[in-house]
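Colleague: Next comes run.tsv, TSV, C-alpha atoms and all ligand atoms:
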```
chain	number	residue	atom	x	y	z
M	5	MET	CA	-3.64	4.27	-14.59
M	6	ALA	CA	-4.54	5.13	-18.13
M	7	ASP	CA	-8.07	3.77	-17.86
M	8	ALA	CA	-11.08	4.81	-15.88
M	9	ARG	CA	-10.59	3.74	-12.30
M	10	GLU	CA	-11.01	0.07	-11.66
M	11	VAL	CA	-13.10	-0.78	-8.67
M	12	VAL	CA	-10.54	-3.24	-7.36
M	13	ASP	CA	-7.44	-1.23	-8.23
M	14	ALA	CA	-5.44	-1.14	-5.00
M	15	ALA	CA	-4.18	2.40	-5.66
M	16	ALA	CA	-6.22	5.41	-4.59
M	17	ASP	CA	-6.85	8.80	-6.21
M	18	ASP	CA	-7.46	12.11	-4.41
M	19	LEU	CA	-11.22	11.81	-4.22
M	20	GLU	CA	-10.90	8.37	-2.75
M	21	ARG	CA	-8.32	9.50	-0.22
M	22	ALA	CA	-10.91	11.90	1.17
M	23	ALA	CA	-13.47	9.08	1.51
M	24	GLU	CA	-10.78	6.93	3.11
M	25	ALA	CA	-9.88	9.49	5.74
M	26	ALA	CA	-13.23	8.92	7.43
M	27	LEU	CA	-12.60	5.18	7.72
M	28	ARG	CA	-8.98	5.28	8.84
M	29	PRO	CA	-8.28	3.73	12.23
M	30	ARG	CA	-6.72	6.39	14.50
M	31	ARG	CA	-5.07	4.23	17.15
M	32	LEU	CA	-3.12	1.01	17.06
M	33	ALA	CA	-5.89	-0.79	18.94
M	34	ASP	CA	-8.34	-0.04	16.09
M	35	PHE	CA	-5.98	-1.28	13.40
M	36	VAL	CA	-7.31	-4.65	12.24
M	37	GLY	CA	-5.01	-7.63	11.56
M	38	GLN	CA	-1.24	-7.52	10.84
M	39	GLU	CA	-0.72	-9.06	14.27
M	40	VAL	CA	3.06	-9.35	13.91
M	41	VAL	CA	3.75	-5.79	12.79
M	42	ARG	CA	1.20	-4.40	15.21
M	43	ASP	CA	2.77	-6.22	18.14
M	44	GLN	CA	6.27	-5.12	17.17
M	45	LEU	CA	5.15	-1.52	16.73
M	46	SER	CA	3.28	-1.55	19.99
M	47	LEU	CA	6.47	-2.61	21.81
M	48	LEU	CA	8.53	0.02	20.01
M	49	LEU	CA	6.04	2.81	20.78
M	50	ASP	CA	5.42	1.82	24.41
M	51	ALA	CA	9.15	1.68	25.06
M	52	ALA	CA	9.71	5.06	23.44
M	53	ASN	CA	6.86	6.59	25.41
M	54	ALA	CA	8.20	5.10	28.64
M	55	ARG	CA	11.61	6.65	27.93
M	56	GLN	CA	9.95	9.86	26.81
M	57	SER	CA	12.02	9.85	23.66
M	58	PRO	CA	10.93	9.54	20.04
M	59	PRO	CA	10.82	6.00	18.63
M	60	ASP	CA	13.41	4.67	16.23
M	61	HIS	CA	12.88	5.31	12.52
M	62	VAL	CA	10.30	3.00	10.99
M	63	LEU	CA	10.14	1.60	7.46
M	64	LEU	CA	6.82	0.17	6.28
M	65	SER	CA	6.75	-1.91	3.14
M	66	GLY	CA	4.04	-3.76	1.30
M	67	PRO	CA	1.61	-3.57	-1.62
M	68	PRO	CA	-0.75	-0.57	-2.00
M	69	GLY	CA	-3.78	-0.21	0.26
M	70	LEU	CA	-2.64	-2.40	3.15
M	71	GLY	CA	-2.30	0.38	5.71
M	72	LYS	CA	1.14	2.02	5.47
M	73	THR	CA	-0.14	5.60	5.57
M	74	THR	CA	-2.64	4.63	8.25
M	75	LEU	CA	0.15	3.22	10.43
M	76	ALA	CA	2.29	6.33	9.95
M	77	MET	CA	-0.61	8.45	11.22
M	78	ILE	CA	-1.15	6.04	14.10
M	79	ILE	CA	2.53	6.26	15.08
M	80	ALA	CA	2.30	10.05	15.28
M	81	ALA	CA	-0.90	9.81	17.33
M	82	GLU	CA	0.55	7.23	19.70
M	83	VAL	CA	3.65	9.31	20.47
M	84	GLU	CA	1.59	12.51	20.55
M	85	GLY	CA	3.80	14.09	17.94
M	86	SER	CA	2.66	15.98	14.89
M	87	LEU	CA	2.76	14.30	11.54
M	88	ARG	CA	4.62	15.95	8.68
M	89	LEU	CA	3.78	14.45	5.32
M	90	THR	CA	5.91	14.35	2.22
M	91	SER	CA	6.89	11.87	-0.46
M	92	GLY	CA	9.89	10.80	-2.52
M	93	PRO	CA	8.58	12.34	-5.75
M	94	ALA	CA	7.65	15.62	-3.98
M	95	ILE	CA	11.28	16.17	-3.02
M	96	GLN	CA	12.96	17.18	-6.26
M	97	HIS	CA	16.05	18.78	-4.78
M	98	ALA	CA	18.05	18.32	-1.62
M	99	GLY	CA	17.01	21.90	-0.75
M	100	ASP	CA	13.37	20.79	-0.52
M	101	LEU	CA	14.31	18.24	2.09
M	102	ALA	CA	16.59	20.69	3.93
M	103	ALA	CA	13.63	23.06	4.27
M	104	ILE	CA	11.43	20.33	5.72
M	105	LEU	CA	14.13	19.00	8.05
M	106	SER	CA	15.10	22.40	9.41
M	107	SER	CA	11.49	23.14	10.33
M	108	LEU	CA	11.00	19.94	12.34
M	109	GLN	CA	9.94	20.22	15.96
M	110	ASP	CA	10.70	17.92	18.86
M	111	ARG	CA	8.91	14.53	18.44
M	112	ASP	CA	7.59	15.25	14.97
M	113	VAL	CA	6.96	12.22	12.81
M	114	LEU	CA	8.18	12.83	9.29
M	115	PHE	CA	6.30	10.55	6.94
M	116	ILE	CA	8.02	10.01	3.59
M	117	ASP	CA	5.73	8.10	1.26
M	118	GLU	CA	7.22	6.31	-1.75
M	119	ILE	CA	10.62	6.72	-0.17
M	120	HIS	CA	12.18	4.55	-2.89
M	121	ARG	CA	11.65	7.48	-5.29
M	122	LEU	CA	13.72	9.96	-3.32
M	123	ALA	CA	16.43	11.69	-5.39
M	124	ARG	CA	20.01	10.70	-4.63
M	125	PRO	CA	21.27	13.97	-3.08
M	126	ALA	CA	18.18	14.14	-0.86
M	127	GLU	CA	18.80	10.56	0.18
M	128	GLU	CA	22.27	11.42	1.39
M	129	MET	CA	21.00	14.37	3.33
M	130	LEU	CA	18.44	12.09	4.93
M	131	TYR	CA	21.16	9.64	6.05
M	132	LEU	CA	22.83	12.36	8.06
M	133	ALA	CA	19.56	13.64	9.49
M	134	MET	CA	18.41	10.18	10.54
M	135	GLU	CA	21.71	9.19	12.08
M	136	ASP	CA	23.13	12.35	13.60
M	137	TYR	CA	20.05	14.60	13.73
M	138	ARG	CA	21.92	17.10	11.66
M	139	VAL	CA	21.48	18.86	8.36
M	140	ASP	CA	24.05	20.85	6.47
M	141	VAL	CA	22.43	23.95	5.07
M	142	ILE	CA	24.24	25.46	2.09
M	143	VAL	CA	24.32	29.24	2.12
M	144	GLY	CA	25.31	31.20	-0.97
M	145	LYS	CA	26.32	29.99	-4.40
M	146	GLY	CA	29.44	29.01	-6.30
M	147	PRO	CA	32.92	29.17	-4.74
M	148	GLY	CA	31.69	31.40	-1.91
M	149	ALA	CA	29.05	28.88	-0.75
M	150	THR	CA	29.43	27.66	2.77
M	151	SER	CA	27.71	24.85	4.55
M	152	ILE	CA	26.32	25.51	7.98
M	153	PRO	CA	25.59	22.49	10.13
M	154	LEU	CA	22.24	22.73	11.85
M	155	SER	CA	21.30	20.34	14.58
M	156	LEU	CA	17.79	18.94	14.56
M	157	PRO	CA	15.49	18.07	17.43
M	158	PRO	CA	14.88	14.34	18.00
M	159	PHE	CA	12.33	13.18	15.46
M	160	THR	CA	11.19	9.98	13.78
M	161	VAL	CA	11.19	9.18	10.10
M	162	VAL	CA	8.47	6.82	8.93
M	163	GLY	CA	9.18	5.70	5.38
M	164	ALA	CA	6.68	3.82	3.24
M	165	THR	CA	7.43	1.87	0.11
M	166	THR	CA	5.69	-0.59	-2.15
M	167	ARG	CA	9.11	-1.69	-3.36
M	168	ALA	CA	11.45	-2.35	-0.46
M	169	GLY	CA	13.85	-4.08	-2.84
M	170	LEU	CA	14.61	-0.76	-4.54
M	171	LEU	CA	15.84	0.96	-1.38
M	172	PRO	CA	19.59	1.35	-1.26
M	173	ALA	CA	21.10	-0.63	1.61
M	174	PRO	CA	22.51	2.43	3.44
M	175	LEU	CA	19.01	3.91	3.61
M	176	ARG	CA	17.37	0.64	4.64
M	177	ASP	CA	19.98	0.20	7.38
M	178	ARG	CA	19.09	3.51	8.99
M	179	PHE	CA	15.66	2.31	9.94
M	180	GLY	CA	15.66	0.71	13.37
M	181	PHE	CA	12.49	-1.17	12.56
M	182	THR	CA	11.06	-2.50	9.31
M	183	GLY	CA	7.50	-3.74	9.18
M	184	HIS	CA	6.36	-5.71	6.19
M	185	LEU	CA	2.61	-5.60	5.67
M	186	GLU	CA	1.00	-8.77	4.38
M	187	PHE	CA	-2.27	-9.25	2.53
M	188	TYR	CA	-5.20	-9.65	4.94
M	189	SER	CA	-7.10	-12.88	5.50
M	190	PRO	CA	-10.82	-12.97	4.59
M	191	ALA	CA	-11.67	-13.06	8.31
M	192	GLU	CA	-9.63	-9.89	8.91
M	193	LEU	CA	-11.25	-8.17	5.96
M	194	GLU	CA	-14.65	-9.03	7.37
M	195	ARG	CA	-13.64	-7.17	10.51
M	196	VAL	CA	-12.47	-4.19	8.43
M	197	LEU	CA	-15.79	-4.21	6.55
M	198	ARG	CA	-17.89	-4.41	9.69
M	199	ARG	CA	-15.97	-1.60	11.30
M	200	SER	CA	-16.35	0.58	8.20
M	201	ALA	CA	-20.05	-0.23	7.81
M	202	GLY	CA	-20.48	0.78	11.45
M	203	LEU	CA	-18.78	4.12	10.78
M	204	LEU	CA	-20.97	4.65	7.71
M	205	GLY	CA	-24.02	3.87	9.83
M	206	ALA	CA	-25.12	1.08	7.48
M	207	PRO	CA	-25.49	-2.43	8.97
M	208	LEU	CA	-23.78	-5.02	6.78
M	209	HIS	CA	-25.38	-8.46	6.59
M	210	ASP	CA	-23.09	-11.34	7.60
M	211	ASP	CA	-23.30	-13.18	4.29
M	212	ALA	CA	-22.62	-9.94	2.41
M	213	ALA	CA	-19.55	-9.28	4.60
M	214	THR	CA	-18.23	-12.78	3.87
M	215	GLU	CA	-18.78	-12.36	0.15
M	216	LEU	CA	-17.11	-8.94	-0.02
M	217	ALA	CA	-14.17	-10.06	2.12
M	218	SER	CA	-13.40	-12.91	-0.25
M	219	ARG	CA	-13.42	-10.59	-3.26
M	220	SER	CA	-11.22	-7.84	-1.84
M	221	ARG	CA	-7.82	-9.23	-2.83
M	222	GLY	CA	-6.59	-9.22	0.73
M	223	THR	CA	-6.67	-5.40	0.70
M	224	PRO	CA	-8.61	-3.15	3.13
M	225	ARG	CA	-8.70	-0.28	0.64
M	226	ILE	CA	-10.50	-2.50	-1.87
M	227	ALA	CA	-12.83	-3.88	0.82
M	228	ASN	CA	-13.85	-0.33	1.80
M	229	ARG	CA	-14.32	0.64	-1.82
M	230	LEU	CA	-16.50	-2.38	-2.58
M	231	LEU	CA	-18.50	-1.54	0.52
M	232	ARG	CA	-19.22	1.95	-0.83
M	233	ARG	CA	-20.33	0.51	-4.18
M	234	VAL	CA	-22.61	-1.96	-2.39
M	235	GLN	CA	-24.07	0.96	-0.47
M	236	ASP	CA	-24.72	2.73	-3.80
M	237	PHE	CA	-26.33	-0.37	-5.26
M	238	ALA	CA	-28.50	-0.99	-2.20
M	239	GLN	CA	-29.72	2.58	-2.28
M	240	VAL	CA	-30.45	2.87	-5.98
M	241	ARG	CA	-31.31	-0.62	-7.15
M	242	GLY	CA	-31.73	-2.70	-4.01
M	243	SER	CA	-33.80	-2.73	-0.86
M	244	GLY	CA	-31.64	-0.17	0.91
M	245	GLU	CA	-30.13	-2.96	3.04
M	246	LEU	CA	-26.48	-3.96	2.63
M	247	ASP	CA	-27.46	-7.58	2.00
M	248	LEU	CA	-26.11	-10.40	-0.15
M	249	ALA	CA	-28.26	-9.36	-3.12
M	250	ALA	CA	-26.78	-5.85	-3.04
M	251	ALA	CA	-23.27	-7.30	-2.71
M	252	HIS	CA	-23.75	-9.57	-5.73
M	253	GLY	CA	-25.39	-6.78	-7.69
M	254	ALA	CA	-22.49	-4.38	-7.12
M	255	LEU	CA	-19.83	-7.04	-7.79
M	256	ASP	CA	-21.52	-7.86	-11.11
M	257	VAL	CA	-21.81	-4.24	-12.18
M	258	PHE	CA	-18.11	-3.65	-11.52
M	259	GLU	CA	-16.96	-6.95	-13.01
M	260	VAL	CA	-15.13	-8.14	-9.95
M	261	ASP	CA	-14.68	-11.85	-10.42
M	262	ARG	CA	-14.80	-14.77	-7.99
M	263	LEU	CA	-11.21	-14.24	-6.83
M	264	GLY	CA	-11.55	-10.47	-6.74
M	265	LEU	CA	-9.53	-10.03	-9.93
M	266	ASP	CA	-10.11	-6.87	-11.93
M	267	ARG	CA	-9.59	-6.10	-15.57
M	268	LEU	CA	-5.85	-5.45	-15.29
M	269	ASP	CA	-5.28	-8.74	-13.47
M	270	ARG	CA	-7.29	-10.64	-16.03
M	271	ALA	CA	-5.54	-8.82	-18.88
M	272	VAL	CA	-2.16	-9.89	-17.47
M	273	LEU	CA	-3.30	-13.49	-17.14
M	274	GLN	CA	-4.87	-13.50	-20.59
M	275	ALA	CA	-1.75	-12.04	-22.19
M	276	LEU	CA	0.41	-14.64	-20.46
M	277	CYS	CA	-1.81	-17.57	-21.42
M	278	ASN	CA	-3.02	-16.53	-24.88
M	279	ARG	CA	-0.22	-14.42	-26.32
M	280	PHE	CA	2.84	-15.97	-24.76
M	281	GLY	CA	1.76	-19.59	-24.38
M	282	GLY	CA	2.06	-19.38	-20.60
M	283	GLY	CA	5.48	-17.68	-20.62
M	284	PRO	CA	8.14	-17.18	-19.49
M	285	VAL	CA	7.89	-13.56	-20.53
M	286	GLY	CA	9.70	-10.47	-19.24
M	287	LEU	CA	7.91	-7.87	-17.14
M	288	THR	CA	8.39	-5.05	-19.65
M	289	THR	CA	7.00	-7.05	-22.57
M	290	LEU	CA	4.05	-8.14	-20.49
M	291	ALA	CA	3.37	-4.56	-19.34
M	292	VAL	CA	3.49	-3.21	-22.91
M	293	THR	CA	1.06	-5.92	-24.03
M	294	VAL	CA	-1.53	-4.89	-21.46
M	295	GLY	CA	-0.85	-1.17	-22.01
M	296	GLU	CA	0.48	-0.45	-18.54
M	297	GLU	CA	3.66	0.75	-16.87
M	298	PRO	CA	5.92	-2.10	-15.72
M	299	GLU	CA	5.82	-0.64	-12.21
M	300	THR	CA	2.01	-0.84	-12.12
M	301	VAL	CA	2.00	-4.45	-13.27
M	302	GLU	CA	4.74	-5.31	-10.80
M	303	THR	CA	3.34	-3.57	-7.72
M	304	VAL	CA	-0.43	-3.58	-8.32
M	305	ALA	CA	-1.31	-6.76	-10.20
M	306	GLU	CA	1.53	-9.19	-9.65
M	307	PRO	CA	1.80	-9.58	-5.87
M	308	PHE	CA	-1.77	-10.79	-5.62
M	309	LEU	CA	-1.57	-13.00	-8.72
M	310	VAL	CA	1.56	-14.60	-7.28
M	311	ARG	CA	-0.06	-15.03	-3.89
M	312	GLU	CA	-3.09	-16.69	-5.46
M	313	GLY	CA	-0.79	-19.10	-7.28
M	314	LEU	CA	-1.88	-17.86	-10.71
M	315	ILE	CA	1.53	-16.75	-11.88
M	316	VAL	CA	5.10	-17.43	-10.84
M	317	ARG	CA	8.19	-15.34	-11.22
M	318	THR	CA	11.15	-17.28	-12.59
M	319	PRO	CA	14.62	-16.02	-13.47
M	320	ARG	CA	13.53	-16.12	-17.14
M	321	GLY	CA	10.31	-14.18	-16.63
M	322	ARG	CA	6.71	-14.52	-15.57
M	323	MET	CA	4.84	-17.77	-16.14
M	324	ALA	CA	1.18	-18.74	-15.88
M	325	THR	CA	0.33	-21.71	-13.67
M	326	PRO	CA	-2.33	-24.33	-14.45
M	327	ALA	CA	-4.60	-22.48	-12.01
M	328	ALA	CA	-4.46	-19.40	-14.27
M	329	TYR	CA	-5.80	-21.40	-17.22
M	330	ASP	CA	-8.49	-22.89	-15.00
M	331	HIS	CA	-9.48	-19.48	-13.67
M	332	LEU	CA	-9.84	-18.05	-17.18
M	333	GLY	CA	-11.76	-21.14	-18.30
M	334	LEU	CA	-9.06	-21.98	-20.86
M	335	ASP	CA	-7.75	-25.44	-21.71
M	336	ARG	CA	-4.39	-26.11	-20.17
M	337	PRO	CA	-1.69	-26.45	-22.81
M	338	GLY	CA	-0.13	-29.88	-23.39
M	339	ASP	CA	2.31	-31.40	-20.93
M	340	GLY	CA	5.81	-30.07	-20.96
M	341	LEU	CA	4.77	-26.61	-22.11
M	342	LEU	CA	3.51	-25.56	-18.78
M	343	PHE	CA	5.08	-24.75	-15.48
M	344	VAL	CA	4.08	-27.31	-12.86
D	1	LIG	N1	-5.58	-2.63	9.36
D	1	LIG	C1	-6.58	-1.87	8.94
D	1	LIG	N2	-7.74	-1.80	9.62
D	1	LIG	C2	-8.75	-1.04	9.14
D	1	LIG	N3	-8.69	-0.30	8.03
D	1	LIG	C3	-7.55	-0.32	7.32
D	1	LIG	C4	-6.44	-1.09	7.74
D	1	LIG	N4	-5.44	-0.91	6.85
D	1	LIG	C5	-5.91	-0.08	5.92
D	1	LIG	N5	-7.18	0.29	6.20
D	1	LIG	C6	-8.03	1.15	5.36
D	1	LIG	O1	-7.59	1.06	4.03
D	1	LIG	C7	-7.37	2.35	3.46
D	1	LIG	C8	-6.03	2.35	2.77
D	1	LIG	O2	-4.99	2.30	3.71
D	1	LIG	P1	-3.65	3.17	3.54
D	1	LIG	O3	-3.95	4.45	2.85
D	1	LIG	O4	-3.02	3.25	4.86
D	1	LIG	O5	-2.82	2.23	2.58
D	1	LIG	P2	-1.32	2.40	2.04
D	1	LIG	O6	-0.61	1.13	2.38
D	1	LIG	O7	-0.75	3.66	2.54
D	1	LIG	O8	-1.54	2.46	0.45
D	1	LIG	P3	-0.61	3.20	-0.68
D	1	LIG	O9	0.56	2.28	-0.94
D	1	LIG	O10	-1.51	3.28	-1.88
D	1	LIG	O11	-0.22	4.53	-0.15
D	1	LIG	C9	-7.47	3.35	4.63
D	1	LIG	O12	-8.46	4.27	4.37
D	1	LIG	C10	-7.89	2.57	5.83
D	1	LIG	O13	-9.17	2.98	6.24
D	2	MG	MG	-0.22	5.38	1.52
```
Will you turn the file into structure tokens for me?
Ligand SMILES: Nc1ncnc2c1ncn2[C@@H]1O[C@H](COP(=O)(O)OP(=O)(O)OP(=O)(O)O)[C@@H](O)[C@H]1O
Ligand SMILES: [Mg+2]

Modeller:
Amino acid sequence: MADAREVVDAAADDLERAAEAALRPRRLADFVGQEVVRDQLSLLLDAANARQSPPDHVLLSGPPGLGKTTLAMIIAAEVEGSLRLTSGPAIQHAGDLAAILSSLQDRDVLFIDEIHRLARPAEEMLYLAMEDYRVDVIVGKGPGATSIPLSLPPFTVVGATTRAGLLPAPLRDRFGFTGHLEFYSPAELERVLRRSAGLLGAPLHDDAATELASRSRGTPRIANRLLRRVQDFAQVRGSGELDLAAAHGALDVFEVDRLGLDRLDRAVLQALCNRFGGGPVGLTTLAVTVGEEPETVETVAEPFLVREGLIVRTPRGRMATPAAYDHLGLDRPGDGLLFV
């Protein structure tokens, strides 16, 4: 993001990742919510463990901060394999992937974050590795180059993506299991918050937990981040207790509104309503207007705005709903102009 970090931005930077590590559930049983995916994964992992073979390749998709990396780590822990971490953008050349693949050990879990950003040649190498447990290593250069097939030990690829739609079908098809992570309910986020507060050794008042859960945009990462800001507020300007007053104080300081929208979300809504008369407007135009990358608007702001019924995606572009005008405190435009 171009701006200073937003407190309810669902993406995380390096410093935050360190803070997150302490709060990450380590086993499937500690992973809150996502009942469907958790149940499916539990079956997959138990069966693999019973057969003493590595589980099928797993693809995890969903908006940022919902637990994809956490689940990848849990998968490795549950099969007692070691986790190897890489990401689509980190693999510039097929050779980078060949080096990783040829160093894999039996039962390793290879986690490829942002797998939709893998370069094409690497993608093709991955097909072969996932399907046949084989990698062709090229030795030498030019006409004298030869390819030496190397067989790989059984391993599991866990891919994560915020944009499952961008994955080429052949890659998607090589995953035996795809789990789509959904936004969390307020009740689930309360459980996340209580668990985190417990780990931080700071009791969270019930009413404060309820308030924070409803402002966390369905996202555990945001819930944990708000919790840390409430802890700051309580310590510096409050009574030291994580109570409702501290929660409200912190939410006010960081301008998190009633629905948990942050500045980017509100900027998108305002642009739609004020500049484009409610739309429809294309993603790129909208992104330029709010000074963001289209990908950020599409993956960070939009999914939640759509889920909250504030915007809709139509074949002609994005449109604001009456609820968006209400939320911004704007008059709804006249009949006929507005999506209903
Ligand atoms: N189900 C859950 N229960 C408890 N905590 C969770 C859960 N899911 C996520 N978290 C917390 O939220 C934080 C963010 O999760 P994680 O890093 O796994 O998200 P992600 O989906 O990989 O995000 P990104 O797309 O940005 O990589 C973690 O630190 C973890 O503590
Ligand atoms: Mg992640």

Colleague: Please extract the residues at most 7 Å from ligand LIG 1 (chain D), counting all atoms listed in the file, and provide them as a PyMOL selection string, using the chain letters and residue numbers of this document.

Modeller: chain M and resi 14-16+21+24-25+27-29+34-38+66-75+165-166+196+224-225+228

Colleague: Would you output that residue set with C-alpha atoms, as a PDB file, in the frame of the given file?

Modeller:
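That gives us out.pdb:
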```
ATOM      1  CA  ALA M  14      -5.440  -1.140  -5.000  1.00  0.00           C
ATOM      2  CA  ALA M  15      -4.180   2.400  -5.660  1.00  0.00           C
ATOM      3  CA  ALA M  16      -6.220   5.410  -4.590  1.00  0.00           C
ATOM      4  CA  ARG M  21      -8.320   9.500  -0.220  1.00  0.00           C
ATOM      5  CA  GLU M  24     -10.780   6.930   3.110  1.00  0.00           C
ATOM      6  CA  ALA M  25      -9.880   9.490   5.740  1.00  0.00           C
ATOM      7  CA  LEU M  27     -12.600   5.180   7.720  1.00  0.00           C
ATOM      8  CA  ARG M  28      -8.980   5.280   8.840  1.00  0.00           C
ATOM      9  CA  PRO M  29      -8.280   3.730  12.230  1.00  0.00           C
ATOM     10  CA  ASP M  34      -8.340  -0.040  16.090  1.00  0.00           C
ATOM     11  CA  PHE M  35      -5.980  -1.280  13.400  1.00  0.00           C
ATOM     12  CA  VAL M  36      -7.310  -4.650  12.240  1.00  0.00           C
ATOM     13  CA  GLY M  37      -5.010  -7.630  11.560  1.00  0.00           C
ATOM     14  CA  GLN M  38      -1.240  -7.520  10.840  1.00  0.00           C
ATOM     15  CA  GLY M  66       4.040  -3.760   1.300  1.00  0.00           C
ATOM     16  CA  PRO M  67       1.610  -3.570  -1.620  1.00  0.00           C
ATOM     17  CA  PRO M  68      -0.750  -0.570  -2.000  1.00  0.00           C
ATOM     18  CA  GLY M  69      -3.780  -0.210   0.260  1.00  0.00           C
ATOM     19  CA  LEU M  70      -2.640  -2.400   3.150  1.00  0.00           C
ATOM     20  CA  GLY M  71      -2.300   0.380   5.710  1.00  0.00           C
ATOM     21  CA  LYS M  72       1.140   2.020   5.470  1.00  0.00           C
ATOM     22  CA  THR M  73      -0.140   5.600   5.570  1.00  0.00           C
ATOM     23  CA  THR M  74      -2.640   4.630   8.250  1.00  0.00           C
ATOM     24  CA  LEU M  75       0.150   3.220  10.430  1.00  0.00           C
ATOM     25  CA  THR M 165       7.430   1.870   0.110  1.00  0.00           C
ATOM     26  CA  THR M 166       5.690  -0.590  -2.150  1.00  0.00           C
ATOM     27  CA  VAL M 196     -12.470  -4.190   8.430  1.00  0.00           C
ATOM     28  CA  PRO M 224      -8.610  -3.150   3.130  1.00  0.00           C
ATOM     29  CA  ARG M 225      -8.700  -0.280   0.640  1.00  0.00           C
ATOM     30  CA  ASN M 228     -13.850  -0.330   1.800  1.00  0.00           C
TER      31      ASN M 228
END
```

Colleague: Residues within 10 Å of segment 307-322 of chain M, please, as a PyMOL selection string. Count all atoms listed in the file; anything in the same chain fewer than 4 positions from it doesn't count.

Modeller: chain M and resi 66-67+187+221-223+263-265+269-270+272-273+276+282-290+301-303+326-331+343

Colleague: Can you tell me, as a PyMOL selection string, what residues are no more than 12 Å from segment 142-156 of chain M when counting only C-alpha atoms, ignoring any on the same chain fewer than 4 positions away?

Modeller: chain M and resi 98-99+102-112+129-130+132-138+160

Colleague: Separation of atom CA of Leu48 of chain M and atom CA of Phe181 of chain M, in Å?

Modeller: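 Value for the atom CA of Leu48 of chain M-atom CA of Phe181 of chain M distance: 8.5 Å.
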
Colleague: Of the candidates M:Glu84, M:Glu186, M:Asp117, M:Glu20, which one gets nearest to ligand MG 2 (chain D) if we count all atoms listed in the file?

Modeller: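 Using all atoms listed in the file, ligand MG 2 (chain D) sits closest to M:Asp117.
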
Colleague: Which residue is closest to Pro337 of chain M? Choose from M:Phe159, M:Pro298, M:Asn278, M:Leu208 and count all atoms listed in the file.

Modeller: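 Using all atoms listed in the file, the shortest distance to Pro337 of chain M belongs to M:Asn278.
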
Colleague: How many Å separate atom CA of Gly205 of chain M from atom CA of Glu259 of chain M?

Modeller: 26.2 Å
